[in-house]
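> structure-v7.txt is reproduced in full below (compact mmCIF, C-alpha atoms).
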# COMPACT_ATOMS: atom_id res chain seq x y z
CA MET N 19 17.53 -8.23 10.26
CA ARG N 20 17.40 -10.64 7.37
CA THR N 21 15.62 -10.46 4.03
CA ALA N 22 15.22 -12.88 1.14
CA PHE N 23 14.37 -11.67 -2.36
CA HIS N 24 12.53 -13.90 -4.82
CA LEU N 25 13.78 -13.44 -8.38
CA THR N 26 11.46 -15.21 -10.83
CA SER N 27 10.82 -12.71 -13.60
CA GLY N 28 12.24 -13.23 -17.08
CA ASP N 29 12.02 -9.52 -17.90
CA GLU N 30 15.51 -8.00 -17.88
CA ASP N 31 14.36 -4.59 -16.67
CA HIS N 32 12.43 -6.23 -13.86
CA GLN N 33 15.46 -8.36 -12.95
CA ASN N 34 17.53 -5.17 -12.79
CA THR N 35 14.94 -3.58 -10.49
CA VAL N 36 15.12 -6.54 -8.07
CA LEU N 37 18.93 -6.37 -7.97
CA THR N 38 18.87 -2.59 -7.46
CA ILE N 39 16.37 -2.88 -4.60
CA ALA N 40 18.54 -5.55 -2.94
CA GLU N 41 21.62 -3.32 -3.31
CA ASN N 42 19.78 -0.29 -1.94
CA LEU N 43 18.65 -2.32 1.07
CA SER N 44 22.27 -3.26 1.80
CA LYS N 45 23.21 0.44 1.71
CA ASP N 46 20.23 1.74 3.71
CA GLU N 47 21.66 3.17 6.92
CA THR N 48 18.29 3.22 8.71
CA ILE N 49 18.29 -0.56 9.07
CA GLU N 50 20.89 -3.04 10.30
CA MET N 51 20.91 -5.98 7.89
CA ASP N 52 22.60 -9.20 9.02
CA ASP N 53 21.82 -11.12 5.85
CA ILE N 54 20.40 -10.47 2.41
CA ALA N 55 19.76 -13.40 0.06
CA VAL N 56 18.45 -13.51 -3.50
CA VAL N 57 16.83 -16.78 -4.60
CA ALA N 58 16.75 -17.13 -8.41
CA GLN N 59 14.25 -19.50 -9.96
CA ALA N 60 12.36 -20.26 -13.18
CA GLU N 61 12.72 -17.40 -15.69
CA GLY N 62 14.65 -15.43 -13.07
CA ILE N 63 17.66 -17.75 -13.31
CA ASP N 64 19.47 -15.84 -16.09
CA PRO N 65 21.13 -13.15 -13.90
CA VAL N 66 23.03 -15.78 -11.85
CA THR N 67 24.47 -17.53 -14.92
CA ARG N 68 27.92 -16.61 -16.23
CA ASP N 69 26.52 -15.40 -19.54
CA GLY N 70 23.51 -13.66 -17.97
CA THR N 71 22.72 -10.09 -18.93
CA HIS N 72 23.12 -8.94 -15.32
CA SER N 73 25.90 -11.34 -14.26
CA ASP N 74 28.36 -8.49 -13.62
CA THR N 75 25.91 -6.89 -11.20
CA VAL N 76 25.38 -10.23 -9.46
CA GLN N 77 29.16 -10.60 -9.10
CA GLU N 78 29.43 -7.13 -7.54
CA LEU N 79 26.59 -7.83 -5.12
CA LEU N 80 28.14 -11.19 -4.17
CA ASP N 81 31.43 -9.38 -3.46
CA SER N 82 29.54 -6.90 -1.27
CA GLY N 83 28.14 -9.73 0.88
CA ILE N 84 24.72 -10.48 -0.64
CA ALA N 85 24.09 -14.23 -1.03
CA PHE N 86 22.70 -15.70 -4.26
CA LYS N 87 20.99 -19.07 -4.48
CA ALA N 88 19.97 -20.91 -7.66
CA CYS N 89 17.10 -23.42 -7.82
CA SER N 90 18.48 -26.80 -8.97
CA ASN N 91 15.10 -27.82 -10.45
CA THR N 92 15.41 -24.84 -12.75
CA LEU N 93 19.02 -25.67 -13.60
CA ASP N 94 18.02 -29.26 -14.49
CA MET N 95 15.15 -28.07 -16.65
CA MET N 96 17.43 -25.66 -18.53
CA ASP N 97 20.33 -28.13 -18.88
CA LEU N 98 22.58 -25.96 -16.75
CA ASP N 99 24.93 -27.03 -13.96
CA ASP N 100 27.09 -25.44 -11.26
CA GLY N 101 29.76 -24.59 -13.81
CA ASP N 102 27.37 -22.31 -15.66
CA LEU N 103 26.76 -20.13 -12.58
CA VAL N 104 28.54 -16.96 -11.53
CA GLU N 105 31.24 -17.99 -9.06
CA GLY N 106 29.93 -17.83 -5.52
CA VAL N 107 26.30 -18.59 -6.36
CA GLU N 108 25.03 -21.46 -4.20
CA THR N 109 22.77 -24.22 -5.54
CA VAL N 110 19.67 -25.13 -3.49
CA SER N 111 17.37 -28.14 -3.94
CA SER N 112 14.46 -25.92 -4.91
CA GLY N 113 13.72 -22.21 -4.75
CA ALA N 114 10.45 -22.80 -2.91
CA SER N 115 11.94 -25.03 -0.19
CA GLU N 116 14.79 -22.56 0.37
CA LEU N 117 12.41 -19.60 0.68
CA THR N 118 10.22 -21.62 3.05
CA ARG N 119 13.25 -22.43 5.22
CA LEU N 120 14.49 -18.83 5.15
CA GLN N 121 11.09 -17.47 6.25
CA GLU N 122 10.94 -20.14 8.97
CA ASP N 123 14.36 -18.83 10.10
CA GLY N 124 12.98 -15.31 10.38
CA TYR N 125 13.83 -13.81 7.02
CA ALA N 126 11.41 -11.26 5.61
CA TYR N 127 10.24 -12.10 2.08
CA LEU N 128 10.28 -9.59 -0.76
CA ARG N 129 9.14 -10.20 -4.28
CA PRO N 130 9.41 -6.81 -6.03
CA MET L 14 6.57 -26.69 7.39
CA ARG L 15 3.76 -24.88 5.66
CA THR L 16 3.73 -22.68 2.57
CA ALA L 17 1.04 -20.63 0.85
CA PHE L 18 1.33 -19.65 -2.80
CA HIS L 19 -0.35 -16.53 -4.15
CA LEU L 20 -1.71 -17.03 -7.66
CA THR L 21 -2.79 -13.70 -9.16
CA SER L 22 -1.32 -13.62 -12.64
CA GLY L 23 -3.53 -13.86 -15.71
CA ASP L 24 -0.67 -15.10 -17.86
CA GLU L 25 -1.11 -18.81 -18.59
CA ASP L 26 2.61 -19.56 -18.73
CA HIS L 27 3.09 -17.78 -15.43
CA GLN L 28 0.18 -19.70 -13.90
CA ASN L 29 1.81 -22.93 -15.06
CA THR L 30 5.09 -21.87 -13.43
CA VAL L 31 3.36 -21.27 -10.08
CA LEU L 32 1.67 -24.69 -10.21
CA THR L 33 4.93 -26.41 -11.18
CA ILE L 34 6.82 -24.73 -8.32
CA ALA L 35 4.11 -25.83 -5.86
CA GLU L 36 4.31 -29.41 -7.18
CA ASN L 37 8.11 -29.41 -7.01
CA LEU L 38 7.95 -28.22 -3.40
CA SER L 39 5.65 -31.12 -2.52
CA LYS L 40 8.18 -33.54 -4.05
CA ASP L 41 11.31 -31.93 -2.58
CA GLU L 42 12.81 -34.52 -0.22
CA THR L 43 15.04 -31.99 1.55
CA ILE L 44 12.07 -30.41 3.33
CA GLU L 45 9.17 -31.90 5.28
CA MET L 46 6.02 -30.11 4.20
CA ASP L 47 2.92 -30.42 6.40
CA ASP L 48 0.73 -28.20 4.24
CA ILE L 49 0.87 -26.49 0.88
CA ALA L 50 -1.94 -24.14 -0.14
CA VAL L 51 -2.50 -22.15 -3.32
CA VAL L 52 -4.73 -19.06 -3.03
CA ALA L 53 -6.18 -18.00 -6.39
CA GLN L 54 -7.38 -14.44 -6.81
CA ALA L 55 -8.09 -11.76 -9.43
CA GLU L 56 -6.72 -12.76 -12.86
CA GLY L 57 -5.23 -15.88 -11.25
CA ILE L 58 -8.67 -17.46 -10.74
CA ASP L 59 -8.87 -19.24 -14.10
CA PRO L 60 -6.81 -22.35 -13.18
CA VAL L 61 -9.22 -23.31 -10.36
CA THR L 62 -12.31 -23.12 -12.59
CA ARG L 63 -13.67 -26.25 -14.30
CA ASP L 64 -13.04 -24.80 -17.76
CA GLY L 65 -9.65 -23.31 -16.82
CA THR L 66 -6.65 -23.96 -19.07
CA HIS L 67 -4.79 -25.61 -16.19
CA SER L 68 -7.76 -27.22 -14.42
CA ASP L 69 -6.42 -30.75 -15.02
CA THR L 70 -3.16 -29.84 -13.29
CA VAL L 71 -5.09 -28.32 -10.40
CA GLN L 72 -7.12 -31.54 -10.07
CA GLU L 73 -3.92 -33.62 -9.96
CA LEU L 74 -2.36 -31.37 -7.34
CA LEU L 75 -5.55 -31.47 -5.24
CA ASP L 76 -5.45 -35.27 -5.44
CA SER L 77 -1.82 -35.21 -4.27
CA GLY L 78 -2.79 -33.23 -1.14
CA ILE L 79 -2.19 -29.58 -2.11
CA ALA L 80 -5.08 -27.30 -1.02
CA PHE L 81 -6.60 -24.74 -3.39
CA LYS L 82 -8.61 -21.74 -2.21
CA ALA L 83 -10.59 -19.34 -4.40
CA CYS L 84 -11.29 -15.69 -3.47
CA SER L 85 -15.07 -15.17 -3.30
CA ASN L 86 -14.72 -11.45 -4.13
CA THR L 87 -13.17 -12.51 -7.41
CA LEU L 88 -15.87 -15.12 -8.03
CA ASP L 89 -18.59 -12.48 -7.43
CA MET L 90 -16.90 -10.01 -9.76
CA MET L 91 -16.65 -12.61 -12.51
CA ASP L 92 -20.17 -14.00 -12.02
CA LEU L 93 -18.84 -17.38 -10.98
CA ASP L 94 -19.97 -19.57 -8.10
CA ASP L 95 -18.89 -22.76 -6.30
CA GLY L 96 -20.31 -24.90 -9.09
CA ASP L 97 -17.85 -23.39 -11.55
CA LEU L 98 -14.84 -24.51 -9.53
CA VAL L 99 -12.76 -27.67 -9.85
CA GLU L 100 -14.15 -30.12 -7.30
CA GLY L 101 -12.26 -29.83 -4.03
CA VAL L 102 -11.38 -26.14 -4.36
CA GLU L 103 -12.41 -24.27 -1.21
CA THR L 104 -13.98 -20.80 -1.30
CA VAL L 105 -12.56 -18.14 1.06
CA SER L 106 -14.04 -14.74 1.89
CA SER L 107 -11.11 -12.94 0.29
CA GLY L 108 -7.69 -13.96 -0.95
CA ALA L 109 -6.00 -11.25 1.11
CA SER L 110 -7.69 -12.19 4.41
CA GLU L 111 -6.90 -15.87 3.85
CA LEU L 112 -3.22 -15.15 3.11
CA THR L 113 -3.06 -12.88 6.16
CA ARG L 114 -4.51 -15.65 8.34
CA LEU L 115 -2.19 -18.29 6.86
CA GLN L 116 0.91 -16.15 7.50
CA GLU L 117 -0.33 -15.46 11.04
CA ASP L 118 -0.58 -19.26 11.43
CA GLY L 119 3.07 -19.68 10.41
CA TYR L 120 2.81 -20.32 6.70
CA ALA L 121 5.62 -19.01 4.53
CA TYR L 122 4.39 -16.85 1.64
CA LEU L 123 5.52 -17.33 -1.94
CA ARG L 124 4.48 -15.30 -4.93
CA PRO L 125 6.55 -16.62 -7.83
CA MET S 22 -4.04 -8.44 12.27
CA ARG S 23 -1.75 -6.40 10.11
CA THR S 24 -0.91 -6.66 6.42
CA ALA S 25 1.54 -4.81 4.16
CA PHE S 26 1.04 -4.69 0.40
CA HIS S 27 3.98 -4.28 -1.96
CA LEU S 28 3.12 -2.11 -4.96
CA THR S 29 5.90 -2.28 -7.56
CA SER S 30 4.15 -2.84 -10.87
CA GLY S 31 4.07 -0.12 -13.51
CA ASP S 32 0.98 -1.60 -15.17
CA GLU S 33 -2.06 0.57 -14.39
CA ASP S 34 -4.53 -2.33 -14.39
CA HIS S 35 -2.27 -4.25 -12.05
CA GLN S 36 -1.93 -1.20 -9.77
CA ASN S 37 -5.71 -0.96 -9.68
CA THR S 38 -5.94 -4.65 -8.73
CA VAL S 39 -3.56 -4.14 -5.78
CA LEU S 40 -5.56 -1.14 -4.53
CA THR S 41 -8.85 -3.03 -4.91
CA ILE S 42 -7.50 -6.04 -3.00
CA ALA S 43 -6.31 -3.73 -0.17
CA GLU S 44 -9.73 -2.05 -0.05
CA ASN S 45 -11.54 -5.41 -0.04
CA LEU S 46 -9.36 -6.60 2.84
CA SER S 47 -10.32 -3.51 4.85
CA LYS S 48 -14.00 -4.32 4.26
CA ASP S 49 -13.78 -8.09 4.87
CA GLU S 50 -15.85 -8.79 7.97
CA THR S 51 -14.33 -12.24 8.54
CA ILE S 52 -11.03 -10.71 9.72
CA GLU S 53 -10.22 -7.98 12.21
CA MET S 54 -7.56 -5.77 10.65
CA ASP S 55 -5.62 -3.43 12.94
CA ASP S 56 -3.42 -2.00 10.20
CA ILE S 57 -3.14 -2.13 6.43
CA ALA S 58 -0.18 -0.48 4.71
CA VAL S 59 0.71 -0.13 1.04
CA VAL S 60 4.40 0.39 0.22
CA ALA S 61 4.91 1.93 -3.23
CA GLN S 62 8.25 1.52 -4.93
CA ALA S 63 9.97 1.54 -8.32
CA GLU S 64 7.41 1.55 -11.16
CA GLY S 65 4.65 1.26 -8.56
CA ILE S 66 5.21 4.83 -7.34
CA ASP S 67 2.79 6.53 -9.76
CA PRO S 68 -0.46 5.88 -7.80
CA VAL S 69 0.82 7.78 -4.73
CA THR S 70 1.79 10.88 -6.73
CA ARG S 71 -0.64 13.80 -7.05
CA ASP S 72 -0.87 13.39 -10.81
CA GLY S 73 -1.00 9.59 -10.67
CA THR S 74 -3.70 7.76 -12.62
CA HIS S 75 -5.04 6.21 -9.41
CA SER S 76 -4.35 9.12 -7.03
CA ASP S 77 -8.06 9.62 -6.31
CA THR S 78 -8.38 6.00 -5.20
CA VAL S 79 -5.28 6.37 -3.01
CA GLN S 80 -6.81 9.48 -1.40
CA GLU S 81 -10.02 7.58 -0.64
CA LEU S 82 -8.13 4.64 0.87
CA LEU S 83 -6.00 7.01 2.97
CA ASP S 84 -9.20 8.63 4.23
CA SER S 85 -10.56 5.17 5.13
CA GLY S 86 -7.49 4.45 7.30
CA ILE S 87 -5.11 2.57 4.99
CA ALA S 88 -1.51 3.84 5.25
CA PHE S 89 0.58 4.57 2.15
CA LYS S 90 4.37 4.74 2.17
CA ALA S 91 6.60 5.92 -0.69
CA CYS S 92 10.20 4.74 -1.18
CA SER S 93 12.53 7.77 -1.06
CA ASN S 94 15.12 6.03 -3.26
CA THR S 95 12.47 5.86 -5.96
CA LEU S 96 11.47 9.50 -5.42
CA ASP S 97 15.13 10.58 -5.76
CA MET S 98 15.58 8.55 -8.93
CA MET S 99 12.47 10.08 -10.48
CA ASP S 100 13.22 13.64 -9.35
CA LEU S 101 10.12 13.72 -7.15
CA ASP S 102 9.81 15.03 -3.61
CA ASP S 103 7.26 15.07 -0.76
CA GLY S 104 5.33 17.86 -2.48
CA ASP S 105 4.58 15.60 -5.44
CA LEU S 106 2.84 13.00 -3.26
CA VAL S 107 -0.84 12.66 -2.43
CA GLU S 108 -1.37 14.38 0.91
CA GLY S 109 -1.01 11.87 3.74
CA VAL S 110 1.46 9.56 1.99
CA GLU S 111 4.47 8.95 4.23
CA THR S 112 8.04 8.84 2.89
CA VAL S 113 10.26 5.91 3.99
CA SER S 114 14.01 5.53 3.52
CA SER S 115 13.54 2.55 1.22
CA GLY S 116 10.64 0.29 0.32
CA ALA S 117 12.68 -2.83 1.12
CA SER S 118 13.77 -1.68 4.58
CA GLU S 119 10.22 -0.65 5.45
CA LEU S 120 8.78 -3.99 4.33
CA THR S 121 11.51 -5.81 6.28
CA ARG S 122 10.65 -3.82 9.41
CA LEU S 123 6.90 -4.36 8.95
CA GLN S 124 7.32 -8.14 8.59
CA GLU S 125 9.61 -8.13 11.65
CA ASP S 126 6.76 -6.35 13.47
CA GLY S 127 4.34 -9.13 12.53
CA TYR S 128 2.77 -7.80 9.35
CA ALA S 129 1.76 -10.34 6.73
CA TYR S 130 3.23 -9.56 3.29
CA LEU S 131 1.17 -9.55 0.12
CA ARG S 132 2.38 -8.86 -3.37
CA PRO S 133 -0.61 -9.45 -5.64
I'd like the structure from this file rewritten - as structure tokens, please.

Amino acid sequence: MRTAFHLTSGDEDHQNTVLTIAENLSKDETIEMDDIAVVAQAEGIDPVTRDGTHSDTVQELLDSGIAFKACSNTLDMMDLDDGDLVEGVETVSSGASELTRLQEDGYAYLRP
Amino acid sequence: MRTAFHLTSGDEDHQNTVLTIAENLSKDETIEMDDIAVVAQAEGIDPVTRDGTHSDTVQELLDSGIAFKACSNTLDMMDLDDGDLVEGVETVSSGASELTRLQEDGYAYLRP
Amino acid sequence: MRTAFHLTSGDEDHQNTVLTIAENLSKDETIEMDDIAVVAQAEGIDPVTRDGTHSDTVQELLDSGIAFKACSNTLDMMDLDDGDLVEGVETVSSGASELTRLQEDGYAYLRP
């Protein structure tokens, strides 16, 4: 199965909760996950930036096979570009269009 | 494609973020959107009221083709009626039933 | 139709809003609901515990036919077990896997 997480909160504890829930899903042996994606947008963009408080966690989750996608509208608004992102994070035209496409493709949607 | 946004936050900055994300989706040229709806409920009702902080933005988005729907349970609880809403906002029996119907009809769900 | 609510907020007013919206959906005569489930996780676990601020409301909703599911990862992290839950609350391996399965089974997802 496939699941997309929506990361939009600017609260660092909340961001950590979302990342932990995504990690726990990837380790849950009662379900066979084909894909897990985290779409970061608005105030939730910080974890996927190199200097982000939770960037080390994002790097570990990327290495474990979880995909991370950053909203380019948000990057533009915050004067950030690809070079500011944790290596391996993909840029998407907008968080909302990506999450619409993913749900159309059969992904479940979770916004903890 | 079709996407429904769930607007339930009472925080004005958060409300603005939801409206901006809906607007950006409507302008995103990488996706063909047939319908975008915003369902306002609970503390998220303020933007769709005439005196709401973000009522001008809601009017602009309505004019651009985005649908807005207000939960009538919330209106009852807050002693509001149709006349208190921005012109063009539709009333629905409950936010939860409307969002259930929309997802059943193939809408993606986003709760930024 | 079938709808799953995601209860993850630690704010007691917000928790109350989620429970009220679930109850209102069950009473909405414009929609025929076959199943309503509430999945409690992370900081949203308190209402489904015996000593939770909203445990009486959860008991009433359980009695009315709404299902409640508690994330066992959260229970482990908080040193809680089945005996600490309101009677009738089901334990699931993880909130995220359960909500993925429910959406795969055709449940709408709501995260007020």
> Segment 65-68 of chain S: which residues within 7 Å, counting all atoms listed in the file, same-chain residues fewer than 6 positions away excluded, as a list in words?
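Non-adjacent residues within range: Leu28, Thr29, Ser30, Gly31, Thr74, His75, Ser76, Val79 and Ala91 of chain S.
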> Create the file for the chosen residues now, containing C-alpha atoms and written as a short mmCIF file (atom, residue, chain, number, x, y, z; two decimals), in the frame of the given file.

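What follows is the written file out.cif:
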data_model
loop_
_atom_site.label_atom_id
_atom_site.label_comp_id
_atom_site.auth_asym_id
_atom_site.auth_seq_id
_atom_site.Cartn_x
_atom_site.Cartn_y
_atom_site.Cartn_z
CA LEU S 28 3.12 -2.11 -4.96
CA THR S 29 5.90 -2.28 -7.56
CA SER S 30 4.15 -2.84 -10.87
CA GLY S 31 4.07 -0.12 -13.51
CA THR S 74 -3.70 7.76 -12.62
CA HIS S 75 -5.04 6.21 -9.41
CA SER S 76 -4.35 9.12 -7.03
CA VAL S 79 -5.28 6.37 -3.01
CA ALA S 91 6.60 5.92 -0.69
#
> Pairing the C-alpha atoms in order across the whole chain, superpose chain L onto chain N by least squares and write the result as a PDB file with C-alpha atoms, keeping the file's coordinate frame.

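Saved file part.pdb follows:
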ATOM      1  CA  MET L  14      17.528  -8.230  10.257  1.00  0.00           C
ATOM      2  CA  ARG L  15      17.392 -10.647   7.376  1.00  0.00           C
ATOM      3  CA  THR L  16      15.620 -10.450   4.027  1.00  0.00           C
ATOM      4  CA  ALA L  17      15.215 -12.878   1.140  1.00  0.00           C
ATOM      5  CA  PHE L  18      14.376 -11.674  -2.355  1.00  0.00           C
ATOM      6  CA  HIS L  19      12.530 -13.887  -4.819  1.00  0.00           C
ATOM      7  CA  LEU L  20      13.779 -13.435  -8.377  1.00  0.00           C
ATOM      8  CA  THR L  21      11.465 -15.194 -10.838  1.00  0.00           C
ATOM      9  CA  SER L  22      10.828 -12.701 -13.605  1.00  0.00           C
ATOM     10  CA  GLY L  23      12.245 -13.223 -17.081  1.00  0.00           C
ATOM     11  CA  ASP L  24      12.026  -9.531 -17.891  1.00  0.00           C
ATOM     12  CA  GLU L  25      15.508  -7.992 -17.884  1.00  0.00           C
ATOM     13  CA  ASP L  26      14.356  -4.581 -16.676  1.00  0.00           C
ATOM     14  CA  HIS L  27      12.428  -6.228 -13.872  1.00  0.00           C
ATOM     15  CA  GLN L  28      15.455  -8.346 -12.952  1.00  0.00           C
ATOM     16  CA  ASN L  29      17.528  -5.166 -12.795  1.00  0.00           C
ATOM     17  CA  THR L  30      14.936  -3.579 -10.492  1.00  0.00           C
ATOM     18  CA  VAL L  31      15.112  -6.531  -8.077  1.00  0.00           C
ATOM     19  CA  LEU L  32      18.924  -6.366  -7.973  1.00  0.00           C
ATOM     20  CA  THR L  33      18.878  -2.590  -7.462  1.00  0.00           C
ATOM     21  CA  ILE L  34      16.369  -2.876  -4.599  1.00  0.00           C
ATOM     22  CA  ALA L  35      18.543  -5.544  -2.938  1.00  0.00           C
ATOM     23  CA  GLU L  36      21.625  -3.315  -3.302  1.00  0.00           C
ATOM     24  CA  ASN L  37      19.767  -0.285  -1.949  1.00  0.00           C
ATOM     25  CA  LEU L  38      18.652  -2.314   1.070  1.00  0.00           C
ATOM     26  CA  SER L  39      22.265  -3.259   1.799  1.00  0.00           C
ATOM     27  CA  LYS L  40      23.209   0.442   1.719  1.00  0.00           C
ATOM     28  CA  ASP L  41      20.217   1.728   3.705  1.00  0.00           C
ATOM     29  CA  GLU L  42      21.644   3.177   6.928  1.00  0.00           C
ATOM     30  CA  THR L  43      18.275   3.214   8.704  1.00  0.00           C
ATOM     31  CA  ILE L  44      18.268  -0.575   9.063  1.00  0.00           C
ATOM     32  CA  GLU L  45      20.896  -3.033  10.280  1.00  0.00           C
ATOM     33  CA  MET L  46      20.916  -5.967   7.896  1.00  0.00           C
ATOM     34  CA  ASP L  47      22.602  -9.198   9.019  1.00  0.00           C
ATOM     35  CA  ASP L  48      21.825 -11.125   5.845  1.00  0.00           C
ATOM     36  CA  ILE L  49      20.409 -10.472   2.410  1.00  0.00           C
ATOM     37  CA  ALA L  50      19.771 -13.397   0.064  1.00  0.00           C
ATOM     38  CA  VAL L  51      18.444 -13.505  -3.488  1.00  0.00           C
ATOM     39  CA  VAL L  52      16.823 -16.780  -4.605  1.00  0.00           C
ATOM     40  CA  ALA L  53      16.748 -17.139  -8.397  1.00  0.00           C
ATOM     41  CA  GLN L  54      14.245 -19.509  -9.950  1.00  0.00           C
ATOM     42  CA  ALA L  55      12.366 -20.255 -13.184  1.00  0.00           C
ATOM     43  CA  GLU L  56      12.717 -17.391 -15.698  1.00  0.00           C
ATOM     44  CA  GLY L  57      14.644 -15.432 -13.053  1.00  0.00           C
ATOM     45  CA  ILE L  58      17.676 -17.740 -13.316  1.00  0.00           C
ATOM     46  CA  ASP L  59      19.470 -15.843 -16.087  1.00  0.00           C
ATOM     47  CA  PRO L  60      21.140 -13.160 -13.901  1.00  0.00           C
ATOM     48  CA  VAL L  61      23.031 -15.782 -11.845  1.00  0.00           C
ATOM     49  CA  THR L  62      24.466 -17.530 -14.918  1.00  0.00           C
ATOM     50  CA  ARG L  63      27.932 -16.619 -16.232  1.00  0.00           C
ATOM     51  CA  ASP L  64      26.508 -15.416 -19.548  1.00  0.00           C
ATOM     52  CA  GLY L  65      23.517 -13.663 -17.943  1.00  0.00           C
ATOM     53  CA  THR L  66      22.719 -10.076 -18.932  1.00  0.00           C
ATOM     54  CA  HIS L  67      23.129  -8.942 -15.323  1.00  0.00           C
ATOM     55  CA  SER L  68      25.904 -11.336 -14.268  1.00  0.00           C
ATOM     56  CA  ASP L  69      28.356  -8.475 -13.620  1.00  0.00           C
ATOM     57  CA  THR L  70      25.901  -6.877 -11.198  1.00  0.00           C
ATOM     58  CA  VAL L  71      25.391 -10.217  -9.474  1.00  0.00           C
ATOM     59  CA  GLN L  72      29.175 -10.593  -9.097  1.00  0.00           C
ATOM     60  CA  GLU L  73      29.425  -7.121  -7.528  1.00  0.00           C
ATOM     61  CA  LEU L  74      26.591  -7.833  -5.116  1.00  0.00           C
ATOM     62  CA  LEU L  75      28.142 -11.191  -4.159  1.00  0.00           C
ATOM     63  CA  ASP L  76      31.416  -9.376  -3.472  1.00  0.00           C
ATOM     64  CA  SER L  77      29.546  -6.892  -1.263  1.00  0.00           C
ATOM     65  CA  GLY L  78      28.157  -9.742   0.883  1.00  0.00           C
ATOM     66  CA  ILE L  79      24.723 -10.474  -0.630  1.00  0.00           C
ATOM     67  CA  ALA L  80      24.095 -14.240  -1.038  1.00  0.00           C
ATOM     68  CA  PHE L  81      22.704 -15.689  -4.270  1.00  0.00           C
ATOM     69  CA  LYS L  82      21.015 -19.086  -4.477  1.00  0.00           C
ATOM     70  CA  ALA L  83      19.980 -20.908  -7.652  1.00  0.00           C
ATOM     71  CA  CYS L  84      17.097 -23.426  -7.821  1.00  0.00           C
ATOM     72  CA  SER L  85      18.478 -26.797  -8.969  1.00  0.00           C
ATOM     73  CA  ASN L  86      15.098 -27.817 -10.447  1.00  0.00           C
ATOM     74  CA  THR L  87      15.408 -24.838 -12.753  1.00  0.00           C
ATOM     75  CA  LEU L  88      19.026 -25.662 -13.598  1.00  0.00           C
ATOM     76  CA  ASP L  89      18.023 -29.259 -14.484  1.00  0.00           C
ATOM     77  CA  MET L  90      15.145 -28.069 -16.649  1.00  0.00           C
ATOM     78  CA  MET L  91      17.408 -25.680 -18.534  1.00  0.00           C
ATOM     79  CA  ASP L  92      20.315 -28.129 -18.882  1.00  0.00           C
ATOM     80  CA  LEU L  93      22.571 -25.969 -16.756  1.00  0.00           C
ATOM     81  CA  ASP L  94      24.908 -27.035 -13.969  1.00  0.00           C
ATOM     82  CA  ASP L  95      27.087 -25.452 -11.263  1.00  0.00           C
ATOM     83  CA  GLY L  96      29.765 -24.609 -13.812  1.00  0.00           C
ATOM     84  CA  ASP L  97      27.355 -22.323 -15.642  1.00  0.00           C
ATOM     85  CA  LEU L  98      26.780 -20.155 -12.582  1.00  0.00           C
ATOM     86  CA  VAL L  99      28.537 -16.960 -11.524  1.00  0.00           C
ATOM     87  CA  GLU L 100      31.242 -17.998  -9.067  1.00  0.00           C
ATOM     88  CA  GLY L 101      29.928 -17.835  -5.517  1.00  0.00           C
ATOM     89  CA  VAL L 102      26.295 -18.601  -6.361  1.00  0.00           C
ATOM     90  CA  GLU L 103      25.030 -21.460  -4.191  1.00  0.00           C
ATOM     91  CA  THR L 104      22.772 -24.218  -5.535  1.00  0.00           C
ATOM     92  CA  VAL L 105      19.659 -25.124  -3.498  1.00  0.00           C
ATOM     93  CA  SER L 106      17.379 -28.129  -3.949  1.00  0.00           C
ATOM     94  CA  SER L 107      14.450 -25.916  -4.902  1.00  0.00           C
ATOM     95  CA  GLY L 108      13.727 -22.211  -4.744  1.00  0.00           C
ATOM     96  CA  ALA L 109      10.451 -22.804  -2.910  1.00  0.00           C
ATOM     97  CA  SER L 110      11.953 -25.032  -0.188  1.00  0.00           C
ATOM     98  CA  GLU L 111      14.802 -22.569   0.357  1.00  0.00           C
ATOM     99  CA  LEU L 112      12.414 -19.603   0.673  1.00  0.00           C
ATOM    100  CA  THR L 113      10.225 -21.628   3.037  1.00  0.00           C
ATOM    101  CA  ARG L 114      13.254 -22.435   5.205  1.00  0.00           C
ATOM    102  CA  LEU L 115      14.490 -18.828   5.153  1.00  0.00           C
ATOM    103  CA  GLN L 116      11.086 -17.480   6.247  1.00  0.00           C
ATOM    104  CA  GLU L 117      10.937 -20.144   8.972  1.00  0.00           C
ATOM    105  CA  ASP L 118      14.357 -18.840  10.093  1.00  0.00           C
ATOM    106  CA  GLY L 119      12.989 -15.293  10.393  1.00  0.00           C
ATOM    107  CA  TYR L 120      13.832 -13.808   7.028  1.00  0.00           C
ATOM    108  CA  ALA L 121      11.414 -11.260   5.620  1.00  0.00           C
ATOM    109  CA  TYR L 122      10.253 -12.100   2.088  1.00  0.00           C
ATOM    110  CA  LEU L 123      10.274  -9.601  -0.755  1.00  0.00           C
ATOM    111  CA  ARG L 124       9.138 -10.191  -4.291  1.00  0.00           C
ATOM    112  CA  PRO L 125       9.405  -6.820  -6.024  1.00  0.00           C
TER     113      PRO L 125
END
> Contacts between chain L and chain N, please, where a residue of chain N counts if it comes within 7 Å (with only C-alpha atoms); show its shortest atom pair and distance in Å to one decimal, rows by chain and ascending number, as CSV.

residue,atom,partner,partner_atom,distance
N:Thr26,CA,L:Pro125,CA,5.9
N:Ala114,CA,L:Leu38,CA,6.0
N:Ser115,CA,L:Leu38,CA,6.0
N:Thr118,CA,L:Ala121,CA,5.5
N:Gln121,CA,L:Ala121,CA,5.9
N:Arg129,CA,L:Arg124,CA,6.9
> Could you jot down the atom CA of Gly116 of chain S to atom CA of Leu103 of chain N separation for me, Å, one decimal place?
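Result for atom CA of Gly116 of chain S versus atom CA of Leu103 of chain N: 29.0 Å, one decimal.
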> Enter the distance from atom CA of Leu98 of chain N to atom CA of Phe86 of chain N, in Å, rounded to one decimal.
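About the pair atom CA of Leu98 of chain N and atom CA of Phe86 of chain N: they are 16.2 Å apart.
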